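Next comes query-v5.txt, a file with compact mmCIF, C-alpha atoms and all ligand atoms.
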```
# COMPACT_ATOMS: atom_id res chain seq x y z
CA MET K 1 48.86 44.70 1.38
CA LYS K 2 51.83 44.25 3.67
CA VAL K 3 52.48 47.90 4.55
CA HIS K 4 50.72 51.25 4.45
CA ASN K 5 52.70 52.98 1.71
CA PHE K 6 52.69 56.77 2.12
CA ASN K 7 55.69 57.32 -0.18
CA ALA K 8 55.78 60.57 -2.16
CA GLY K 9 57.02 59.02 -5.41
CA PRO K 10 57.67 56.49 -6.74
CA ALA K 11 54.61 55.50 -4.81
CA ILE K 12 51.82 53.00 -4.33
CA LEU K 13 50.15 51.67 -7.49
CA PRO K 14 46.84 49.84 -7.91
CA GLN K 15 47.45 46.22 -6.88
CA GLU K 16 45.57 44.82 -9.87
CA ALA K 17 47.83 46.76 -12.24
CA VAL K 18 50.93 45.53 -10.41
CA GLN K 19 49.70 41.92 -10.52
CA GLU K 20 48.93 42.09 -14.20
CA ALA K 21 52.35 43.67 -14.84
CA ALA K 22 54.03 40.89 -12.84
CA LYS K 23 52.37 38.29 -15.09
CA ALA K 24 53.40 40.22 -18.20
CA VAL K 25 57.02 40.19 -17.08
CA LEU K 26 56.93 36.41 -17.53
CA ASP K 27 54.66 36.21 -20.56
CA PHE K 28 53.12 39.14 -22.37
CA ASN K 29 49.88 38.44 -24.28
CA ASN K 30 50.76 34.73 -24.60
CA SER K 31 53.65 35.68 -26.87
CA GLY K 32 56.09 33.37 -25.12
CA MET K 33 58.13 36.49 -24.29
CA GLY K 34 58.04 38.80 -21.30
CA ILE K 35 57.16 42.49 -21.67
CA LEU K 36 60.82 43.29 -20.87
CA GLU K 37 61.92 41.24 -23.87
CA ILE K 38 59.62 42.30 -26.70
CA SER K 39 60.40 44.77 -29.47
CA HIS K 40 58.99 48.24 -29.06
CA ARG K 41 58.14 47.99 -32.77
CA SER K 42 55.97 44.91 -32.22
CA LYS K 43 52.26 45.13 -32.97
CA ASP K 44 51.49 44.29 -29.33
CA PHE K 45 53.53 47.16 -27.95
CA ILE K 46 52.27 49.69 -30.48
CA ALA K 47 48.79 48.75 -29.25
CA VAL K 48 49.89 49.48 -25.66
CA MET K 49 51.26 52.91 -26.61
CA ASP K 50 48.11 53.73 -28.59
CA GLU K 51 45.82 52.68 -25.76
CA ALA K 52 47.82 54.59 -23.14
CA SER K 53 47.71 57.79 -25.23
CA ALA K 54 44.02 57.36 -25.99
CA LEU K 55 43.22 56.83 -22.29
CA VAL K 56 45.01 60.05 -21.30
CA LYS K 57 42.98 61.95 -23.87
CA GLU K 58 39.73 60.30 -22.86
CA LEU K 59 40.21 60.68 -19.10
CA CYS K 60 41.17 64.36 -19.52
CA GLY K 61 38.49 65.05 -22.12
CA LEU K 62 41.05 66.46 -24.56
CA SER K 63 40.22 67.12 -28.20
CA ASP K 64 42.24 65.91 -31.19
CA GLU K 65 44.13 69.21 -31.11
CA TYR K 66 46.23 67.62 -28.36
CA LYS K 67 49.01 65.11 -28.92
CA VAL K 68 49.85 62.76 -26.06
CA LEU K 69 53.47 61.71 -25.64
CA PHE K 70 55.32 59.35 -23.34
CA LEU K 71 58.82 60.76 -22.93
CA GLN K 72 61.86 60.10 -20.77
CA GLY K 73 63.98 62.28 -18.53
CA GLY K 74 61.26 62.92 -15.95
CA ALA K 75 59.21 66.03 -15.40
CA SER K 76 62.56 67.74 -14.77
CA THR K 77 63.41 67.44 -18.47
CA GLN K 78 60.13 69.19 -19.29
CA PHE K 79 61.35 72.18 -17.27
CA MET K 80 63.93 72.61 -20.05
CA MET K 81 62.06 71.20 -23.09
CA LEU K 82 59.11 73.57 -22.67
CA PRO K 83 61.09 76.84 -22.92
CA TYR K 84 63.47 75.32 -25.50
CA ASN K 85 60.48 74.71 -27.78
CA CYS K 86 58.10 77.47 -26.80
CA LEU K 87 59.92 80.51 -25.36
CA PRO K 88 61.42 82.80 -28.03
CA GLN K 89 64.82 84.26 -27.16
CA ASP K 90 63.44 87.80 -26.93
CA GLY K 91 60.12 86.64 -25.49
CA THR K 92 58.83 86.32 -21.95
CA ALA K 93 57.27 83.43 -20.09
CA VAL K 94 55.17 83.92 -16.95
CA TYR K 95 55.62 81.56 -14.00
CA ALA K 96 53.89 81.17 -10.64
CA ASP K 97 56.47 80.25 -8.02
CA THR K 98 54.68 77.93 -5.59
CA GLY K 99 57.38 75.49 -4.52
CA THR K 100 60.62 73.67 -5.19
CA TRP K 101 59.51 72.21 -8.51
CA ALA K 102 58.08 75.49 -9.79
CA ASN K 103 61.34 77.13 -8.83
CA LYS K 104 63.36 74.57 -10.77
CA ALA K 105 61.15 75.14 -13.81
CA ILE K 106 61.80 78.89 -13.55
CA LYS K 107 65.56 78.34 -13.39
CA GLU K 108 65.52 76.39 -16.66
CA ALA K 109 63.26 78.86 -18.47
CA LYS K 110 65.73 81.65 -17.70
CA LEU K 111 68.27 79.86 -19.89
CA PHE K 112 66.08 80.51 -22.94
CA GLY K 113 64.35 83.88 -22.55
CA ASN K 114 62.88 86.33 -20.08
CA VAL K 115 60.94 85.05 -17.12
CA ASN K 116 58.29 87.04 -15.30
CA VAL K 117 57.62 85.47 -11.90
CA ILE K 118 54.13 86.86 -11.48
CA ALA K 119 53.64 85.58 -7.94
CA SER K 120 55.65 83.75 -5.31
CA SER K 121 55.12 82.38 -1.81
CA LYS K 122 58.82 81.67 -1.35
CA ASP K 123 59.17 84.16 1.52
CA SER K 124 56.70 82.16 3.61
CA ASN K 125 58.37 78.81 2.84
CA TYR K 126 55.73 78.14 0.17
CA SER K 127 53.00 77.61 2.75
CA PHE K 128 50.25 79.01 0.52
CA ILE K 129 49.31 79.54 -3.13
CA PRO K 130 49.44 83.21 -4.21
CA LYS K 131 46.19 84.48 -5.71
CA GLY K 132 44.59 87.59 -7.10
CA TYR K 133 47.10 88.52 -9.78
CA GLU K 134 46.51 89.20 -13.42
CA VAL K 135 48.42 87.22 -16.02
CA PRO K 136 49.85 89.55 -18.73
CA ASN K 137 48.47 88.94 -22.20
CA ASP K 138 51.70 89.53 -24.12
CA ALA K 139 53.83 86.57 -22.98
CA ALA K 140 54.59 83.22 -24.66
CA TYR K 141 52.88 81.14 -21.97
CA PHE K 142 51.92 80.98 -18.29
CA HIS K 143 53.26 78.06 -16.26
CA LEU K 144 51.93 76.79 -12.95
CA THR K 145 52.27 73.70 -10.75
CA THR K 146 48.88 72.29 -9.78
CA ASN K 147 50.12 70.40 -6.71
CA ASN K 148 53.24 71.23 -4.74
CA THR K 149 54.48 67.82 -3.70
CA ILE K 150 57.06 68.98 -1.20
CA TYR K 151 55.17 71.77 0.58
CA GLY K 152 51.71 70.16 0.41
CA THR K 153 49.71 72.91 -1.29
CA GLN K 154 47.37 72.51 -4.24
CA TYR K 155 45.15 74.63 -6.43
CA GLN K 156 41.57 73.67 -5.70
CA ASP K 157 38.93 74.92 -8.11
CA ASN K 158 40.71 78.26 -8.26
CA ILE K 159 43.20 77.88 -11.09
CA PRO K 160 43.81 81.33 -12.58
CA THR K 161 42.77 82.02 -16.13
CA ALA K 162 44.88 83.66 -18.81
CA SER K 163 44.48 84.79 -22.38
CA ILE K 164 47.90 83.34 -23.28
CA PRO K 165 48.60 79.60 -23.52
CA MET K 166 48.68 77.92 -20.11
CA VAL K 167 51.01 75.11 -19.11
CA ALA K 168 50.72 72.93 -16.01
CA ASP K 169 53.13 70.65 -14.24
CA MET K 170 50.60 68.13 -12.86
CA SER K 171 53.17 65.55 -11.79
CA SER K 172 51.73 64.90 -8.36
CA ASP K 173 48.00 65.27 -8.90
CA PHE K 174 47.43 64.20 -12.50
CA LEU K 175 44.15 62.26 -12.76
CA SER K 176 43.56 62.42 -9.02
CA ARG K 177 40.54 64.70 -9.49
CA ARG K 178 38.56 66.23 -12.27
CA ARG K 179 40.05 69.38 -13.75
CA ASN K 180 39.27 71.55 -16.70
CA PHE K 181 42.23 69.99 -18.50
CA SER K 182 41.39 71.78 -21.75
CA GLN K 183 42.15 75.06 -19.98
CA PHE K 184 45.81 74.17 -20.60
CA ASP K 185 47.64 74.11 -23.91
CA MET K 186 50.16 71.76 -22.40
CA ILE K 187 50.11 69.42 -19.42
CA TYR K 188 52.98 67.29 -18.22
CA ALA K 189 53.42 64.79 -15.42
CA GLY K 190 56.10 62.36 -14.33
CA ALA K 191 54.23 59.06 -14.11
CA GLN K 192 55.71 57.92 -10.82
CA LYS K 193 53.48 59.92 -8.47
CA ASN K 194 50.02 58.79 -9.47
CA VAL K 195 49.95 57.14 -12.87
CA GLY K 196 52.66 54.50 -13.05
CA PRO K 197 56.22 53.56 -12.29
CA ALA K 198 59.24 55.82 -12.76
CA GLY K 199 60.63 56.11 -16.28
CA ALA K 200 57.85 57.69 -18.32
CA THR K 201 56.68 61.30 -18.42
CA ILE K 202 53.27 62.05 -19.88
CA VAL K 203 52.95 65.15 -22.05
CA ALA K 204 49.74 66.40 -23.63
CA ILE K 205 50.41 69.34 -25.91
CA LYS K 206 48.54 71.33 -28.52
CA GLU K 207 50.47 71.57 -31.76
CA SER K 208 49.65 75.28 -31.84
CA MET K 209 52.30 75.71 -29.09
CA LEU K 210 55.04 74.67 -31.50
CA GLY K 211 57.03 76.21 -34.33
CA LYS K 212 57.16 79.65 -32.72
CA VAL K 213 60.86 79.88 -31.85
CA ASN K 214 63.77 80.49 -34.21
CA ARG K 215 66.48 78.60 -32.38
CA THR K 216 67.73 75.23 -33.53
CA ILE K 217 66.21 72.50 -31.38
CA PRO K 218 68.12 69.22 -30.99
CA THR K 219 66.12 66.32 -32.43
CA MET K 220 65.39 64.54 -29.15
CA ILE K 221 64.34 67.80 -27.47
CA ASP K 222 61.94 68.82 -30.24
CA TYR K 223 58.34 67.86 -29.39
CA ARG K 224 57.63 67.61 -33.12
CA THR K 225 60.02 64.66 -33.37
CA HIS K 226 58.03 62.70 -30.81
CA ILE K 227 54.67 63.77 -32.19
CA LYS K 228 55.66 62.67 -35.68
CA ASP K 229 56.87 59.26 -34.50
CA GLY K 230 54.16 58.59 -31.90
CA SER K 231 56.65 58.61 -28.99
CA MET K 232 58.69 55.99 -30.89
CA PHE K 233 61.47 58.08 -32.40
CA ASN K 234 63.81 56.15 -30.13
CA THR K 235 63.16 53.24 -27.81
CA PRO K 236 60.47 54.28 -25.33
CA PRO K 237 60.47 53.00 -21.72
CA VAL K 238 58.40 49.95 -22.67
CA PHE K 239 57.66 48.60 -19.21
CA SER K 240 56.85 52.02 -17.71
CA VAL K 241 54.44 52.81 -20.52
CA TYR K 242 52.82 49.39 -20.10
CA VAL K 243 52.26 49.80 -16.35
CA ALA K 244 51.04 53.37 -16.89
CA MET K 245 48.54 51.98 -19.41
CA LEU K 246 47.32 49.42 -16.85
CA THR K 247 47.01 52.17 -14.24
CA LEU K 248 45.08 54.38 -16.67
CA ARG K 249 42.73 51.46 -17.35
CA TRP K 250 42.18 51.17 -13.60
CA ILE K 251 41.44 54.90 -13.33
CA LYS K 252 38.91 54.57 -16.14
CA LYS K 253 37.31 51.55 -14.49
CA MET K 254 37.03 53.33 -11.12
CA GLY K 255 35.85 56.57 -12.76
CA LEU K 256 37.71 59.85 -12.22
CA GLU K 257 34.73 61.28 -10.35
CA ASN K 258 34.81 58.40 -7.84
CA ILE K 259 38.56 58.64 -7.48
CA GLU K 260 38.18 62.33 -6.73
CA LYS K 261 35.51 61.60 -4.14
CA THR K 262 37.67 59.04 -2.36
CA ASN K 263 40.73 61.29 -2.48
CA LEU K 264 38.77 64.13 -0.89
CA GLU K 265 37.44 61.76 1.76
CA LYS K 266 40.94 60.52 2.58
CA ALA K 267 42.41 64.02 2.79
CA THR K 268 39.52 65.36 4.87
CA MET K 269 39.83 62.47 7.32
CA LEU K 270 43.52 63.12 7.88
CA TYR K 271 43.31 66.94 8.05
CA ASN K 272 40.42 66.66 10.52
CA GLU K 273 42.61 64.58 12.79
CA ILE K 274 45.57 66.95 12.42
CA ASP K 275 43.30 69.84 13.46
CA ARG K 276 41.67 67.91 16.32
CA ASN K 277 44.76 66.25 17.77
CA SER K 278 46.52 68.38 20.39
CA LEU K 279 49.94 67.04 19.39
CA PHE K 280 49.89 67.85 15.67
CA LYS K 281 49.42 70.83 13.41
CA GLY K 282 49.32 71.47 9.67
CA THR K 283 51.98 73.53 7.89
CA THR K 284 50.00 75.18 5.07
CA ALA K 285 47.16 77.63 4.57
CA VAL K 286 43.94 75.68 5.14
CA GLU K 287 42.31 76.68 1.84
CA ASP K 288 45.35 75.50 -0.15
CA ARG K 289 45.78 72.12 1.51
CA SER K 290 46.82 69.39 -0.88
CA TRP K 291 44.67 66.27 -1.15
CA MET K 292 47.73 64.37 -2.34
CA ASN K 293 50.58 65.33 -0.01
CA VAL K 294 49.53 66.09 3.57
CA ASN K 295 52.23 67.89 5.55
CA PHE K 296 52.13 68.15 9.32
CA VAL K 297 54.46 68.69 12.26
CA MET K 298 54.22 68.23 16.02
CA ASN K 299 53.71 71.10 18.45
CA ASN K 300 56.54 69.54 20.44
CA PRO K 301 59.18 68.64 17.82
CA SER K 302 61.06 66.48 20.31
CA LEU K 303 58.21 63.93 20.04
CA GLU K 304 58.58 63.54 16.28
CA ASP K 305 61.12 60.72 16.40
CA ASP K 306 58.85 58.87 18.84
CA PHE K 307 55.88 59.15 16.54
CA LYS K 308 57.98 58.10 13.56
CA ALA K 309 58.95 54.92 15.41
CA TYR K 310 55.35 54.42 16.58
CA ALA K 311 54.04 54.61 13.00
CA LYS K 312 56.79 52.36 11.73
CA GLU K 313 55.81 49.65 14.24
CA ARG K 314 52.35 49.84 12.65
CA ASN K 315 53.81 49.15 9.19
CA MET K 316 53.54 52.71 7.93
CA ILE K 317 56.17 53.62 5.37
CA GLY K 318 57.24 56.91 3.85
CA LEU K 319 55.90 59.38 6.44
CA ALA K 320 59.05 61.44 6.95
CA GLY K 321 58.61 65.02 5.78
CA HIS K 322 60.81 66.43 3.06
CA ARG K 323 63.97 67.94 4.53
CA SER K 324 62.86 71.45 3.53
CA VAL K 325 59.72 71.25 5.71
CA GLY K 326 60.53 68.63 8.36
CA GLY K 327 57.93 66.74 10.37
CA PHE K 328 55.70 64.43 8.38
CA ARG K 329 54.30 64.08 4.91
CA ALA K 330 51.65 61.50 4.10
CA SER K 331 51.14 61.07 0.37
CA LEU K 332 47.61 59.88 -0.37
CA TYR K 333 47.82 59.05 -4.06
CA ASN K 334 44.96 57.35 -5.94
CA ALA K 335 45.97 53.79 -5.10
CA LEU K 336 46.32 54.37 -1.35
CA SER K 337 43.29 52.84 0.32
CA ILE K 338 41.12 54.65 2.82
CA ASP K 339 42.07 51.90 5.31
CA SER K 340 45.66 53.12 5.27
CA VAL K 341 44.49 56.63 6.15
CA LYS K 342 42.30 55.21 8.92
CA ALA K 343 45.32 53.34 10.28
CA LEU K 344 47.34 56.56 10.37
CA VAL K 345 44.52 58.49 12.06
CA GLU K 346 44.18 55.74 14.68
CA ALA K 347 47.91 55.79 15.32
CA MET K 348 47.76 59.55 15.86
CA GLN K 349 44.84 59.14 18.29
CA GLU K 350 46.50 56.35 20.25
CA PHE K 351 49.77 58.23 20.37
CA GLU K 352 47.97 61.24 21.82
CA LYS K 353 46.37 59.05 24.50
CA SER K 354 49.73 57.49 25.35
CA LYS K 355 51.11 60.99 26.05
CA ALA K 356 48.13 62.23 28.07
C1 LIG Q 1 58.34 64.84 -8.62
C2 LIG Q 1 58.02 66.09 -9.30
C3 LIG Q 1 58.81 66.60 -10.35
C4 LIG Q 1 60.09 65.94 -10.78
O1 LIG Q 1 59.83 64.76 -11.44
P1 LIG Q 1 61.01 63.86 -12.06
O2 LIG Q 1 60.22 62.88 -12.84
O3 LIG Q 1 61.75 63.28 -10.90
O4 LIG Q 1 61.87 64.74 -12.88
C5 LIG Q 1 58.41 67.76 -10.98
N1 LIG Q 1 57.29 68.41 -10.60
C6 LIG Q 1 56.51 67.97 -9.59
C7 LIG Q 1 55.28 68.73 -9.21
C8 LIG Q 1 56.85 66.80 -8.92
O5 LIG Q 1 56.08 66.35 -7.92
```
Show me the file's structure as structure tokens.
Amino acid sequence: MKVHNFNAGPAILPQEAVQEAAKAVLDFNNSGMGILEISHRSKDFIAVMDEASALVKELCGLSDEYKVLFLQGGASTQFMMLPYNCLPQDGTAVYADTGTWANKAIKEAKLFGNVNVIASSKDSNYSFIPKGYEVPNDAAYFHLTTNNTIYGTQYQDNIPTASIPMVADMSSDFLSRRRNFSQFDMIYAGAQKNVGPAGATIVAIKESMLGKVNRTIPTMIDYRTHIKDGSMFNTPPVFSVYVAMLTLRWIKKMGLENIEKTNLEKATMLYNEIDRNSLFKGTTAVEDRSWMNVNFVMNNPSLEDDFKAYAKERNMIGLAGHRSVGGFRASLYNALSIDSVKALVEAMQEFEKSKA
């Protein structure tokens, strides 16, 4: 590993998956063709798509009621596809507004029906996850974002329950910890945060969510099109699906429980240092701290450029905070090793000493 890659997405991937993918670019399955050059209708690629879908189901413990899709257009397209397919014109969808991405999802849903924003932490710059509300039982679905990539908050084991179908944008913490995935009727995630390269979006959806709106749905936007054709109605992002499949294999090999344990260890190590170090402080409510995206600032903001340069000299990449929060954001996705977190913690300790 040449650098410590704290990028928020696209982000670090398991090295063994990247190495295998690099080989496949030159020759895929001894076919004499690279993965970039094969037909998506070939037997070999259909096997990749089938394995990738099966691994999502297996790792999430989803029943056969769910269909797994690999779509394009990013998680951002799901903001629109979900209400297009599932929110009747005179119906209402319930959304929890916990950050930039949740807010974008709300904006799209409003194009298709009524939106009830049941809770929002917008007024406090999304520094916490609102709790203690009741989800109405007469809406089409309830949408939440499990991890707020930009603001660094995350539902822990306190995801609300609802009697209506629940939908989760899990883009930035999908398969980073165990969840009760079956609690949701639909889950979606852009692959590029934790599960693969950019270009593929994973959707797991129960068919019972579909066929409930009267509007005409364009073919490519209709989930039923992609379910019917096994994500092969049109040319899928072959390489992205392949690398996602390799990454899913790696997650299975490591074990989701072990991945969760390591992710908690990494996050705890960094938050402990943020809390101990006199120069730094966290930006979110302690109980809602994300294990994936750790946001922090300096008590003296004029030192931030210094620390940025200091970390850069130590080969740390991607630590700049999002412009809406400032300071720093360290993304600790599955493939980031604990050694990279140790290196960051040591840099923070040495920087503190250098200023004493
Ligand atoms: C990155 C991100 C998105 C947007 O994903 P795209 O694939 O770029 O459209 C949506 N939701 C969350 C939670 C994200 O982290």
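Comparing K:Val238, K:Ile159, K:Gly199, K:Leu62 by their smallest distance to Glu37 (chain K), the closest is K:Val238 (using only C-alpha atoms).
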*Which residues, written as a PyMOL selection string, have at least one atom at most 8 Å from region 221-232 of chain K, with only C-alpha atoms counted and residues fewer than 5 positions away on the same chain left out?*
chain K and resi 40+67-71+81+84-85+210
Could you write those residues out with C-alpha atoms, as a short mmCIF file (atom, residue, chain, number, x, y, z; two decimals), in the coordinates of the input?
```cif
data_model
loop_
_atom_site.label_atom_id
_atom_site.label_comp_id
_atom_site.auth_asym_id
_atom_site.auth_seq_id
_atom_site.Cartn_x
_atom_site.Cartn_y
_atom_site.Cartn_z
CA HIS K 40 58.99 48.24 -29.06
CA LYS K 67 49.01 65.11 -28.92
CA VAL K 68 49.85 62.76 -26.06
CA LEU K 69 53.47 61.71 -25.64
CA PHE K 70 55.32 59.35 -23.34
CA LEU K 71 58.82 60.76 -22.93
CA MET K 81 62.06 71.20 -23.09
CA TYR K 84 63.47 75.32 -25.50
CA ASN K 85 60.48 74.71 -27.78
CA LEU K 210 55.04 74.67 -31.50
#
```
Taking (53.4, 70.7, -9.2) in the file's coordinates as the center, which residues reach within 12 Å of it, counting all atoms listed in the file, put as a PDB file with C-alpha atoms, in the frame of the given file?
```pdb
ATOM      1  CA  ALA K  75      59.210  66.030 -15.400  1.00  0.00           C
ATOM      2  CA  SER K  76      62.560  67.740 -14.770  1.00  0.00           C
ATOM      3  CA  PHE K  79      61.350  72.180 -17.270  1.00  0.00           C
ATOM      4  CA  ALA K  96      53.890  81.170 -10.640  1.00  0.00           C
ATOM      5  CA  ASP K  97      56.470  80.250  -8.020  1.00  0.00           C
ATOM      6  CA  THR K  98      54.680  77.930  -5.590  1.00  0.00           C
ATOM      7  CA  GLY K  99      57.380  75.490  -4.520  1.00  0.00           C
ATOM      8  CA  THR K 100      60.620  73.670  -5.190  1.00  0.00           C
ATOM      9  CA  TRP K 101      59.510  72.210  -8.510  1.00  0.00           C
ATOM     10  CA  ALA K 102      58.080  75.490  -9.790  1.00  0.00           C
ATOM     11  CA  ASN K 103      61.340  77.130  -8.830  1.00  0.00           C
ATOM     12  CA  LYS K 104      63.360  74.570 -10.770  1.00  0.00           C
ATOM     13  CA  ALA K 105      61.150  75.140 -13.810  1.00  0.00           C
ATOM     14  CA  ILE K 129      49.310  79.540  -3.130  1.00  0.00           C
ATOM     15  CA  HIS K 143      53.260  78.060 -16.260  1.00  0.00           C
ATOM     16  CA  LEU K 144      51.930  76.790 -12.950  1.00  0.00           C
ATOM     17  CA  THR K 145      52.270  73.700 -10.750  1.00  0.00           C
ATOM     18  CA  THR K 146      48.880  72.290  -9.780  1.00  0.00           C
ATOM     19  CA  ASN K 147      50.120  70.400  -6.710  1.00  0.00           C
ATOM     20  CA  ASN K 148      53.240  71.230  -4.740  1.00  0.00           C
ATOM     21  CA  THR K 149      54.480  67.820  -3.700  1.00  0.00           C
ATOM     22  CA  ILE K 150      57.060  68.980  -1.200  1.00  0.00           C
ATOM     23  CA  TYR K 151      55.170  71.770   0.580  1.00  0.00           C
ATOM     24  CA  GLY K 152      51.710  70.160   0.410  1.00  0.00           C
ATOM     25  CA  THR K 153      49.710  72.910  -1.290  1.00  0.00           C
ATOM     26  CA  GLN K 154      47.370  72.510  -4.240  1.00  0.00           C
ATOM     27  CA  TYR K 155      45.150  74.630  -6.430  1.00  0.00           C
ATOM     28  CA  VAL K 167      51.010  75.110 -19.110  1.00  0.00           C
ATOM     29  CA  ALA K 168      50.720  72.930 -16.010  1.00  0.00           C
ATOM     30  CA  ASP K 169      53.130  70.650 -14.240  1.00  0.00           C
ATOM     31  CA  MET K 170      50.600  68.130 -12.860  1.00  0.00           C
ATOM     32  CA  SER K 171      53.170  65.550 -11.790  1.00  0.00           C
ATOM     33  CA  SER K 172      51.730  64.900  -8.360  1.00  0.00           C
ATOM     34  CA  ASP K 173      48.000  65.270  -8.900  1.00  0.00           C
ATOM     35  CA  PHE K 174      47.430  64.200 -12.500  1.00  0.00           C
ATOM     36  CA  ILE K 187      50.110  69.420 -19.420  1.00  0.00           C
ATOM     37  CA  TYR K 188      52.980  67.290 -18.220  1.00  0.00           C
ATOM     38  CA  ALA K 189      53.420  64.790 -15.420  1.00  0.00           C
ATOM     39  CA  GLY K 190      56.100  62.360 -14.330  1.00  0.00           C
ATOM     40  CA  LYS K 193      53.480  59.920  -8.470  1.00  0.00           C
ATOM     41  CA  SER K 290      46.820  69.390  -0.880  1.00  0.00           C
ATOM     42  CA  MET K 292      47.730  64.370  -2.340  1.00  0.00           C
ATOM     43  CA  ASN K 293      50.580  65.330  -0.010  1.00  0.00           C
TER      44      ASN K 293
END
```
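Taking CA of Met269 (chain K) and CA of Ser176 (chain K) as endpoints, the distance between them is 16.8 Å.
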I'd like the box whose edges run along x, y and z of the file and which contains every listed atom of region 40-58 of chain K, padded by 6 Å per side; could you state its centre and edge lengths in Å, one decimal, as lines of an AutoDock Vina configuration file?
```
center_x = 49.4
center_y = 53.1
center_z = -27.1
size_x = 31.3
size_y = 29.7
size_z = 23.7
```
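Counting all atoms listed in the file and comparing K:Asn7, K:Thr268, K:Ser31, K:Thr161, the residue that lies closest to ligand LIG 1 (chain Q) is K:Asn7.
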*In Å, how far is it from CA of Ala200 (chain K) to CA of Pro236 (chain K)?*
8.2 Å
Incomplete region 298-303 of chain K brought to all heavy atoms, written out as a PDB file, in the coordinates of the input:
```pdb
ATOM      1  N   MET K 298      54.717  68.362  14.652  1.00  0.00           N
ATOM      2  CA  MET K 298      54.220  68.230  16.020  1.00  0.00           C
ATOM      3  C   MET K 298      54.463  69.544  16.760  1.00  0.00           C
ATOM      4  O   MET K 298      55.462  70.227  16.524  1.00  0.00           O
ATOM      5  CB  MET K 298      54.883  67.050  16.717  1.00  0.00           C
ATOM      6  CG  MET K 298      54.523  65.746  16.014  1.00  0.00           C
ATOM      7  SD  MET K 298      55.028  64.265  16.872  1.00  0.00           S
ATOM      8  CE  MET K 298      53.693  64.104  18.053  1.00  0.00           C
ATOM      9  N   ASN K 299      53.531  69.885  17.646  1.00  0.00           N
ATOM     10  CA  ASN K 299      53.710  71.100  18.450  1.00  0.00           C
ATOM     11  C   ASN K 299      54.974  71.002  19.285  1.00  0.00           C
ATOM     12  O   ASN K 299      55.634  71.997  19.536  1.00  0.00           O
ATOM     13  CB  ASN K 299      52.482  71.306  19.350  1.00  0.00           C
ATOM     14  CG  ASN K 299      51.278  71.729  18.517  1.00  0.00           C
ATOM     15  OD1 ASN K 299      51.372  72.617  17.689  1.00  0.00           O
ATOM     16  ND2 ASN K 299      50.156  71.047  18.712  1.00  0.00           N
ATOM     17  N   ASN K 300      55.296  69.788  19.708  1.00  0.00           N
ATOM     18  CA  ASN K 300      56.540  69.540  20.440  1.00  0.00           C
ATOM     19  C   ASN K 300      57.460  68.698  19.549  1.00  0.00           C
ATOM     20  O   ASN K 300      57.347  67.476  19.513  1.00  0.00           O
ATOM     21  CB  ASN K 300      56.213  68.805  21.746  1.00  0.00           C
ATOM     22  CG  ASN K 300      57.480  68.432  22.494  1.00  0.00           C
ATOM     23  OD1 ASN K 300      58.587  68.697  22.031  1.00  0.00           O
ATOM     24  ND2 ASN K 300      57.299  67.823  23.656  1.00  0.00           N
ATOM     25  N   PRO K 301      58.366  69.364  18.818  1.00  0.00           N
ATOM     26  CA  PRO K 301      59.180  68.640  17.820  1.00  0.00           C
ATOM     27  C   PRO K 301      60.006  67.502  18.423  1.00  0.00           C
ATOM     28  O   PRO K 301      60.370  66.572  17.709  1.00  0.00           O
ATOM     29  CB  PRO K 301      60.105  69.725  17.255  1.00  0.00           C
ATOM     30  CG  PRO K 301      59.454  71.026  17.583  1.00  0.00           C
ATOM     31  CD  PRO K 301      58.678  70.803  18.848  1.00  0.00           C
ATOM     32  N   SER K 302      60.240  67.552  19.734  1.00  0.00           N
ATOM     33  CA  SER K 302      61.060  66.480  20.310  1.00  0.00           C
ATOM     34  C   SER K 302      60.295  65.154  20.357  1.00  0.00           C
ATOM     35  O   SER K 302      60.883  64.110  20.625  1.00  0.00           O
ATOM     36  CB  SER K 302      61.542  66.877  21.711  1.00  0.00           C
ATOM     37  OG  SER K 302      60.445  66.900  22.589  1.00  0.00           O
ATOM     38  N   LEU K 303      58.978  65.188  20.080  1.00  0.00           N
ATOM     39  CA  LEU K 303      58.210  63.930  20.040  1.00  0.00           C
ATOM     40  C   LEU K 303      58.190  63.293  18.646  1.00  0.00           C
ATOM     41  O   LEU K 303      57.695  62.179  18.469  1.00  0.00           O
ATOM     42  CB  LEU K 303      56.753  64.194  20.468  1.00  0.00           C
ATOM     43  CG  LEU K 303      56.494  64.472  21.947  1.00  0.00           C
ATOM     44  CD1 LEU K 303      55.011  64.787  22.160  1.00  0.00           C
ATOM     45  CD2 LEU K 303      56.913  63.280  22.806  1.00  0.00           C
TER      46      LEU K 303
END
```
